[in-house]
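K.L.:
First the structure, which I've put down as structure tokens, then a few questions once you've had a look.
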Amino acid sequence: MTVGIDDIRAAALRISPYVHRTPVLSSTLINLQAGCEIVFKCENLQKAGAFKARGAHNAVVQLNEAQRHAGVATHSSGNHAGALALAASHFHMPAYIVMPENSSATKVAAVRAYGGEITFCEPTQAARESALDKLVARTGAAFIPPYDHPDIIAGQGTAVLELTEQLPQAPDFLLTPVGGGGLLAGSAIACKSVWPQTLVIGAEPVDADDAQRSFRTGQWHPQCTSVTVADGLRTALGILNFSILRRQVDDILIASDEAILAAMRLVWTHMKLVVETSAAVGLAVVMSHPEYFANQRVVIVLSGGNVDIDRLPW
């Protein structure tokens with residue numbers, strides 16, 4: 001299975017009635033602290049509060065009538081769950097969602113608000129997949145993967161395709177968070193197709209660094225049980241995404257939880273934007289590796305803004 005720029009362009013047309021064209025914003029104060037010129041692609045302002053709405057809608061729109069009648073199913077720690085439930089609601093479809101029992105209360109509430117039916121499981125990849133298999137067998141619903149599928153990757157890539165139309169010139173660097181890898185894979189394809197000289201960097205927590213280990217050794221590494229504050233990045237890197245990352249991504253850098261929380265606070269304070277911990281990892285990487293980005297033009301994708309405001313990490 002492959003994904004190319006034509007797939008991303010087709011996805012952009014397909015999902016345009018259902019998603020936002022998100023803005024690009026910047027902060028002079030953040031630029032001064034980071035020592036470089038940063039532009040943020042604000043997917044935290046996307047439908048369902050995250051870029052995941054793009055991939056979910058791209059997958060759901062392509063289902064046939066029989067599949068829509070049976071509904072859709074997935075496993076997700078939150079943002080894909082909410083996005084899929086929203087996409088399904090547009091077509092009056094059932095949405096069956098497996099979520100780890102430690103999922104954010106805000107993300108659980110969003111899934112329910114969009115009409116999703118939740119099954120909770122232990123917070124491990126094996127438990128998620130086992131619960132999903134049982135759910136699909138019981139309902140006949142179509143499995144819509146959270147990240148490792150061509151339709152999802154193409155949908156997520158529309159954020160950066162859109163970005164290339166919003167900026168007057170190519171940046172030196174593009175950073176996105178990487179968990180399962182769908183956003184980074186789709187973003188890399190779109191970026192390298194339009195801005196071939198731009199360096200694409202994945203941003204990952206120190207305590208969930210399977211993508212960096214996989215990328216640097218050339219062999220896929222499983223994700224260990226992770227306790228990072230960036231809850232949306234605890235998932236294992238997808239196999240298809242790994243193959244795309246090896247060809248299209250220039251590096252994957254990591255940042256500590258302390259740096260992630262500091263970056264999140266910077267965005268809240270200086271930009272008045274609600275971003276979640278996973279969305280702050282790109283800025284955390286830039287702040288943690290100043291030698292890499294000094295005086296460069298940098299774009300960071302703020303991947304989501306679904307935060308439990310009753311349990312802020314600071």
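Each chain in the structure tokens gets a letter, A, B, ..., in the order shown, and its residues are numbered from 1; ligands are numbered from 1 in order too.
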I'd like the contact shell of A:Leu253 - 8 Å cut-off, only C-alpha atoms, skipping same-chain residues fewer than 3 positions apart - returned as a list of chain:residue names.

P.N.:
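Residues near the query, excluding close chain neighbours: A:Ile201, A:Gly202, A:Ala203, A:Glu204, A:Gln212, A:Val285.
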
K.L.:
Let me see the file: selected residues, N, CA and C atoms, as a PDB file, in the first residue's frame.

P.N.:
ATOM      1  N   ILE A 201      10.699  16.949  10.412  1.00  0.00           N
ATOM      2  CA  ILE A 201      11.159  16.416  11.695  1.00  0.00           C
ATOM      3  C   ILE A 201       9.965  15.901  12.499  1.00  0.00           C
ATOM      4  N   GLY A 202      10.054  14.684  12.992  1.00  0.00           N
ATOM      5  CA  GLY A 202       9.064  14.171  13.929  1.00  0.00           C
ATOM      6  C   GLY A 202       9.433  14.575  15.340  1.00  0.00           C
ATOM      7  N   ALA A 203       8.445  14.883  16.158  1.00  0.00           N
ATOM      8  CA  ALA A 203       8.664  15.303  17.543  1.00  0.00           C
ATOM      9  C   ALA A 203       8.012  14.286  18.473  1.00  0.00           C
ATOM     10  N   GLU A 204       8.773  13.803  19.447  1.00  0.00           N
ATOM     11  CA  GLU A 204       8.315  12.677  20.257  1.00  0.00           C
ATOM     12  C   GLU A 204       8.762  12.841  21.710  1.00  0.00           C
ATOM     13  N   GLN A 212      11.624   7.277  17.230  1.00  0.00           N
ATOM     14  CA  GLN A 212      13.024   7.655  17.058  1.00  0.00           C
ATOM     15  C   GLN A 212      13.916   6.417  17.007  1.00  0.00           C
ATOM     16  N   VAL A 285      10.472  20.296  21.329  1.00  0.00           N
ATOM     17  CA  VAL A 285      11.662  19.838  20.607  1.00  0.00           C
ATOM     18  C   VAL A 285      12.491  21.026  20.128  1.00  0.00           C
TER      19      VAL A 285
END

K.L.:
Just list as a PDB file with N, CA and C atoms, in the first residue's frame whatever in stretch 41-241 of chain A DSSP marks as strand (DSSP E or B).

P.N.:
ATOM      1  N   LYS A  41       0.652  25.841  12.644  1.00  0.00           N
ATOM      2  CA  LYS A  41      -0.550  25.402  11.938  1.00  0.00           C
ATOM      3  C   LYS A  41      -1.519  24.885  12.994  1.00  0.00           C
ATOM      4  N   CYS A  42      -2.631  25.592  13.179  1.00  0.00           N
ATOM      5  CA  CYS A  42      -3.467  25.417  14.375  1.00  0.00           C
ATOM      6  C   CYS A  42      -4.561  24.375  14.190  1.00  0.00           C
ATOM      7  N   ALA A  50      -9.001  18.434  16.810  1.00  0.00           N
ATOM      8  CA  ALA A  50      -7.707  17.866  16.441  1.00  0.00           C
ATOM      9  C   ALA A  50      -7.668  17.517  14.956  1.00  0.00           C
ATOM     10  N   VAL A  72     -19.039   1.942  12.126  1.00  0.00           N
ATOM     11  CA  VAL A  72     -17.581   1.939  12.172  1.00  0.00           C
ATOM     12  C   VAL A  72     -17.105   1.646  13.589  1.00  0.00           C
ATOM     13  N   ALA A  73     -15.869   1.170  13.670  1.00  0.00           N
ATOM     14  CA  ALA A  73     -15.281   0.850  14.974  1.00  0.00           C
ATOM     15  C   ALA A  73     -13.805   1.195  14.954  1.00  0.00           C
ATOM     16  N   THR A  74     -13.269   1.505  16.127  1.00  0.00           N
ATOM     17  CA  THR A  74     -11.839   1.771  16.241  1.00  0.00           C
ATOM     18  C   THR A  74     -11.409   1.648  17.693  1.00  0.00           C
ATOM     19  N   HIS A  75     -10.084   1.708  17.891  1.00  0.00           N
ATOM     20  CA  HIS A  75      -9.530   1.884  19.238  1.00  0.00           C
ATOM     21  C   HIS A  75      -8.727   3.162  19.235  1.00  0.00           C
ATOM     22  N   ALA A  95     -21.110   4.320  15.782  1.00  0.00           N
ATOM     23  CA  ALA A  95     -19.656   4.362  15.969  1.00  0.00           C
ATOM     24  C   ALA A  95     -19.327   3.646  17.273  1.00  0.00           C
ATOM     25  N   TYR A  96     -18.539   2.579  17.181  1.00  0.00           N
ATOM     26  CA  TYR A  96     -18.167   1.771  18.335  1.00  0.00           C
ATOM     27  C   TYR A  96     -16.687   2.026  18.633  1.00  0.00           C
ATOM     28  N   ILE A  97     -16.416   2.512  19.836  1.00  0.00           N
ATOM     29  CA  ILE A  97     -15.072   3.004  20.150  1.00  0.00           C
ATOM     30  C   ILE A  97     -14.505   2.271  21.365  1.00  0.00           C
ATOM     31  N   VAL A  98     -13.324   1.672  21.200  1.00  0.00           N
ATOM     32  CA  VAL A  98     -12.577   1.098  22.321  1.00  0.00           C
ATOM     33  C   VAL A  98     -11.605   2.160  22.830  1.00  0.00           C
ATOM     34  N   MET A  99     -11.689   2.468  24.123  1.00  0.00           N
ATOM     35  CA  MET A  99     -10.809   3.479  24.719  1.00  0.00           C
ATOM     36  C   MET A  99     -10.127   2.909  25.965  1.00  0.00           C
ATOM     37  N   PRO A 100      -8.836   3.203  26.167  1.00  0.00           N
ATOM     38  CA  PRO A 100      -8.174   2.805  27.410  1.00  0.00           C
ATOM     39  C   PRO A 100      -8.873   3.426  28.611  1.00  0.00           C
ATOM     40  N   GLU A 117     -20.408   4.867  20.972  1.00  0.00           N
ATOM     41  CA  GLU A 117     -20.613   3.874  22.033  1.00  0.00           C
ATOM     42  C   GLU A 117     -19.240   3.379  22.478  1.00  0.00           C
ATOM     43  N   ILE A 118     -18.897   3.586  23.758  1.00  0.00           N
ATOM     44  CA  ILE A 118     -17.535   3.326  24.248  1.00  0.00           C
ATOM     45  C   ILE A 118     -17.453   1.987  24.965  1.00  0.00           C
ATOM     46  N   THR A 119     -16.373   1.237  24.670  1.00  0.00           N
ATOM     47  CA  THR A 119     -15.980   0.060  25.428  1.00  0.00           C
ATOM     48  C   THR A 119     -14.610   0.357  26.027  1.00  0.00           C
ATOM     49  N   PHE A 120     -14.481   0.286  27.330  1.00  0.00           N
ATOM     50  CA  PHE A 120     -13.197   0.577  27.970  1.00  0.00           C
ATOM     51  C   PHE A 120     -12.347  -0.689  28.082  1.00  0.00           C
ATOM     52  N   CYS A 121     -11.011  -0.500  28.089  1.00  0.00           N
ATOM     53  CA  CYS A 121     -10.089  -1.622  28.204  1.00  0.00           C
ATOM     54  C   CYS A 121      -8.869  -1.192  29.001  1.00  0.00           C
ATOM     55  N   ALA A 142     -17.140  -1.653  10.347  1.00  0.00           N
ATOM     56  CA  ALA A 142     -15.878  -1.510   9.620  1.00  0.00           C
ATOM     57  C   ALA A 142     -14.823  -0.895  10.536  1.00  0.00           C
ATOM     58  N   PHE A 143     -13.679  -1.529  10.609  1.00  0.00           N
ATOM     59  CA  PHE A 143     -12.589  -1.000  11.424  1.00  0.00           C
ATOM     60  C   PHE A 143     -11.925   0.155  10.690  1.00  0.00           C
ATOM     61  N   PHE A 173      12.132  24.140   8.172  1.00  0.00           N
ATOM     62  CA  PHE A 173      11.759  22.937   8.905  1.00  0.00           C
ATOM     63  C   PHE A 173      10.232  22.844   9.046  1.00  0.00           C
ATOM     64  N   LEU A 174       9.739  21.611   9.042  1.00  0.00           N
ATOM     65  CA  LEU A 174       8.354  21.307   9.409  1.00  0.00           C
ATOM     66  C   LEU A 174       8.397  20.256  10.500  1.00  0.00           C
ATOM     67  N   LEU A 175       7.710  20.539  11.615  1.00  0.00           N
ATOM     68  CA  LEU A 175       7.648  19.573  12.715  1.00  0.00           C
ATOM     69  C   LEU A 175       6.208  19.185  13.000  1.00  0.00           C
ATOM     70  N   THR A 176       5.991  17.882  13.202  1.00  0.00           N
ATOM     71  CA  THR A 176       4.710  17.406  13.706  1.00  0.00           C
ATOM     72  C   THR A 176       4.984  16.404  14.827  1.00  0.00           C
ATOM     73  N   PRO A 177       4.056  16.261  15.761  1.00  0.00           N
ATOM     74  CA  PRO A 177       4.188  15.188  16.739  1.00  0.00           C
ATOM     75  C   PRO A 177       4.105  13.825  16.041  1.00  0.00           C
ATOM     76  N   LEU A 199      13.097  20.442   5.582  1.00  0.00           N
ATOM     77  CA  LEU A 199      13.426  19.281   6.406  1.00  0.00           C
ATOM     78  C   LEU A 199      12.226  18.944   7.295  1.00  0.00           C
ATOM     79  N   VAL A 200      11.807  17.686   7.245  1.00  0.00           N
ATOM     80  CA  VAL A 200      10.652  17.231   8.013  1.00  0.00           C
ATOM     81  C   VAL A 200      11.151  16.487   9.247  1.00  0.00           C
ATOM     82  N   ILE A 201      10.699  16.949  10.412  1.00  0.00           N
ATOM     83  CA  ILE A 201      11.159  16.416  11.695  1.00  0.00           C
ATOM     84  C   ILE A 201       9.965  15.901  12.499  1.00  0.00           C
ATOM     85  N   GLY A 202      10.054  14.684  12.992  1.00  0.00           N
ATOM     86  CA  GLY A 202       9.064  14.171  13.929  1.00  0.00           C
ATOM     87  C   GLY A 202       9.433  14.575  15.340  1.00  0.00           C
ATOM     88  N   ALA A 203       8.445  14.883  16.158  1.00  0.00           N
ATOM     89  CA  ALA A 203       8.664  15.303  17.543  1.00  0.00           C
ATOM     90  C   ALA A 203       8.012  14.286  18.473  1.00  0.00           C
ATOM     91  N   GLU A 204       8.773  13.803  19.447  1.00  0.00           N
ATOM     92  CA  GLU A 204       8.315  12.677  20.257  1.00  0.00           C
ATOM     93  C   GLU A 204       8.762  12.841  21.710  1.00  0.00           C
ATOM     94  N   PRO A 205       7.973  12.362  22.674  1.00  0.00           N
ATOM     95  CA  PRO A 205       8.406  12.420  24.073  1.00  0.00           C
ATOM     96  C   PRO A 205       9.547  11.441  24.353  1.00  0.00           C
TER      97      PRO A 205
END

K.L.:
Of the candidates A:Ala85, A:Leu273, A:Ala230, A:Ile144, which one gets nearest to A:Ser26 if we count only C-alpha atoms?

P.N.:
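Nearest candidate to A:Ser26 out of A:Ala85, A:Leu273, A:Ala230, A:Ile144: A:Leu273.
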
K.L.:
In Å, with one decimal, what is the gap from atom CA of A:Asp207 to atom CA of A:Trp220?

P.N.:
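Taking atom CA of A:Asp207 as the start and atom CA of A:Trp220 as the end point, the length is 16.8 Å.
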
K.L.:
Per residue of stretch 14-90 of chain A within 8 Å of stretch 157-162 of chain A, what are the shortest atom pair and its distance in Å to one decimal, counting only C-alpha atoms, with rows by chain and residue number, as CSV?

P.N.:
residue,atom,partner,partner_atom,distance
A:Arg21,CA,A:Glu162,CA,7.4
A:Glu43,CA,A:Ala159,CA,7.8
A:Phe51,CA,A:Ala159,CA,7.4
A:Arg54,CA,A:Thr158,CA,7.2

K.L.:
Where does DSSP see alpha helix (DSSP H) in stretch 20-72 of chain A, if you list the residues as a PyMOL selection string?

P.N.:
chain A and resi 28-34+52-61+65-70

K.L.:
Mind writing the picked residues with N, CA and C atoms as a compact mmCIF listing (two decimals), in the first residue's frame?

P.N.:
# COMPACT_ATOMS: atom_id res chain seq x y z
N THR A 28 5.57 36.63 18.58
CA THR A 28 6.88 37.29 18.67
C THR A 28 7.63 36.87 19.92
N LEU A 29 6.92 36.76 21.04
CA LEU A 29 7.57 36.40 22.30
C LEU A 29 8.11 34.98 22.26
N ILE A 30 7.35 34.04 21.67
CA ILE A 30 7.85 32.67 21.54
C ILE A 30 9.06 32.63 20.61
N ASN A 31 9.00 33.39 19.52
CA ASN A 31 10.14 33.43 18.60
C ASN A 31 11.41 33.92 19.29
N LEU A 32 11.27 34.94 20.13
CA LEU A 32 12.42 35.47 20.85
C LEU A 32 13.02 34.43 21.78
N GLN A 33 12.16 33.67 22.46
CA GLN A 33 12.66 32.65 23.38
C GLN A 33 13.25 31.46 22.64
N ALA A 34 12.66 31.13 21.48
CA ALA A 34 13.12 29.96 20.72
C ALA A 34 14.35 30.28 19.86
N LYS A 52 -7.21 14.86 13.65
CA LYS A 52 -7.78 13.53 13.40
C LYS A 52 -9.08 13.60 12.61
N ALA A 53 -9.78 14.74 12.67
CA ALA A 53 -11.02 14.87 11.90
C ALA A 53 -10.78 14.69 10.42
N ARG A 54 -9.59 15.02 9.94
CA ARG A 54 -9.29 14.92 8.52
C ARG A 54 -9.26 13.46 8.06
N GLY A 55 -8.47 12.64 8.73
CA GLY A 55 -8.37 11.24 8.34
C GLY A 55 -9.66 10.48 8.54
N ALA A 56 -10.33 10.74 9.66
CA ALA A 56 -11.58 10.03 9.95
C ALA A 56 -12.64 10.31 8.88
N HIS A 57 -12.78 11.57 8.50
CA HIS A 57 -13.77 11.90 7.47
C HIS A 57 -13.38 11.33 6.11
N ASN A 58 -12.09 11.34 5.80
CA ASN A 58 -11.66 10.77 4.53
C ASN A 58 -12.00 9.28 4.43
N ALA A 59 -11.87 8.56 5.53
CA ALA A 59 -12.20 7.14 5.54
C ALA A 59 -13.71 6.91 5.49
N VAL A 60 -14.45 7.64 6.29
CA VAL A 60 -15.90 7.41 6.39
C VAL A 60 -16.62 7.78 5.10
N VAL A 61 -16.22 8.88 4.47
CA VAL A 61 -16.89 9.32 3.25
C VAL A 61 -16.84 8.24 2.16
N GLU A 65 -22.89 1.88 1.19
CA GLU A 65 -24.13 1.92 1.98
C GLU A 65 -24.20 0.79 2.99
N ALA A 66 -23.80 -0.42 2.59
CA ALA A 66 -23.83 -1.56 3.52
C ALA A 66 -22.90 -1.32 4.70
N GLN A 67 -21.73 -0.79 4.43
CA GLN A 67 -20.78 -0.51 5.51
C GLN A 67 -21.30 0.60 6.42
N ARG A 68 -21.93 1.59 5.84
CA ARG A 68 -22.48 2.66 6.67
C ARG A 68 -23.59 2.16 7.57
N HIS A 69 -24.36 1.21 7.07
CA HIS A 69 -25.44 0.64 7.89
C HIS A 69 -24.88 -0.10 9.10
N ALA A 70 -23.77 -0.83 8.90
CA ALA A 70 -23.17 -1.60 10.00
C ALA A 70 -22.41 -0.71 10.97

K.L.:
What's the 12 Å shell around A:Pro313, counting only C-alpha atoms, without same-chain residues fewer than 3 positions away, as a list in words?

P.N.:
Thr228, Val229, Ala230, Asp231, Asp257, Glu258, Ile260, Leu261, Ala262, Met264, Arg265, Val275, Glu276, Thr277, Val307, Asp308, Ile309 and Asp310 of chain A

K.L.:
In Å, how far is it from atom CA of A:Phe40 to atom CA of A:Leu302?

P.N.:
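Between atom CA of A:Phe40 and atom CA of A:Leu302 the gap works out to 6.4 Å.
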
K.L.:
May I ask which of the residues A:Val227, A:Ala279, A:Ala126, A:Ala48 is the closest one to A:Ser89, counting only C-alpha atoms?

P.N.:
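Nearest candidate to A:Ser89 out of A:Val227, A:Ala279, A:Ala126, A:Ala48: A:Ala48.
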
K.L.:
Tell me which of A:Leu233, A:Leu63, A:Ile239, A:Ala113 sits closest to A:Val178, counting only C-alpha atoms.

P.N.:
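For A:Val178, the nearest of the candidates is A:Leu233.
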
K.L.:
Pick the closest to A:Gln46 from A:Val301, A:Leu312, A:Ala137, A:Ala154: which is it, counting only C-alpha atoms?

P.N.:
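Once distances to A:Gln46 are computed over only C-alpha atoms, the minimum belongs to A:Val301.
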
K.L.:
So how far away is atom CA of A:Val24 from atom CA of A:Met271, in Å?

P.N.:
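Value for the atom CA of A:Met271-atom CA of A:Val24 distance: 11.7 Å.
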
K.L.:
Name the closest residue to A:Pro145 among the candidates A:Ala131, A:Ala170, A:Val194, A:Ala81; distances are taken between atoms, counting only C-alpha atoms.

P.N.:
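Counting only C-alpha atoms, the residue closest to A:Pro145 is A:Ala81.
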
K.L.:
Select, from A:Gly49, A:Ser278, A:Asn79, A:Leu25, the residue with the minimum atom-to-atom distance to A:Glu37, counting only C-alpha atoms.

P.N.:
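Answer, going by the shortest atom-to-atom distance: A:Leu25.
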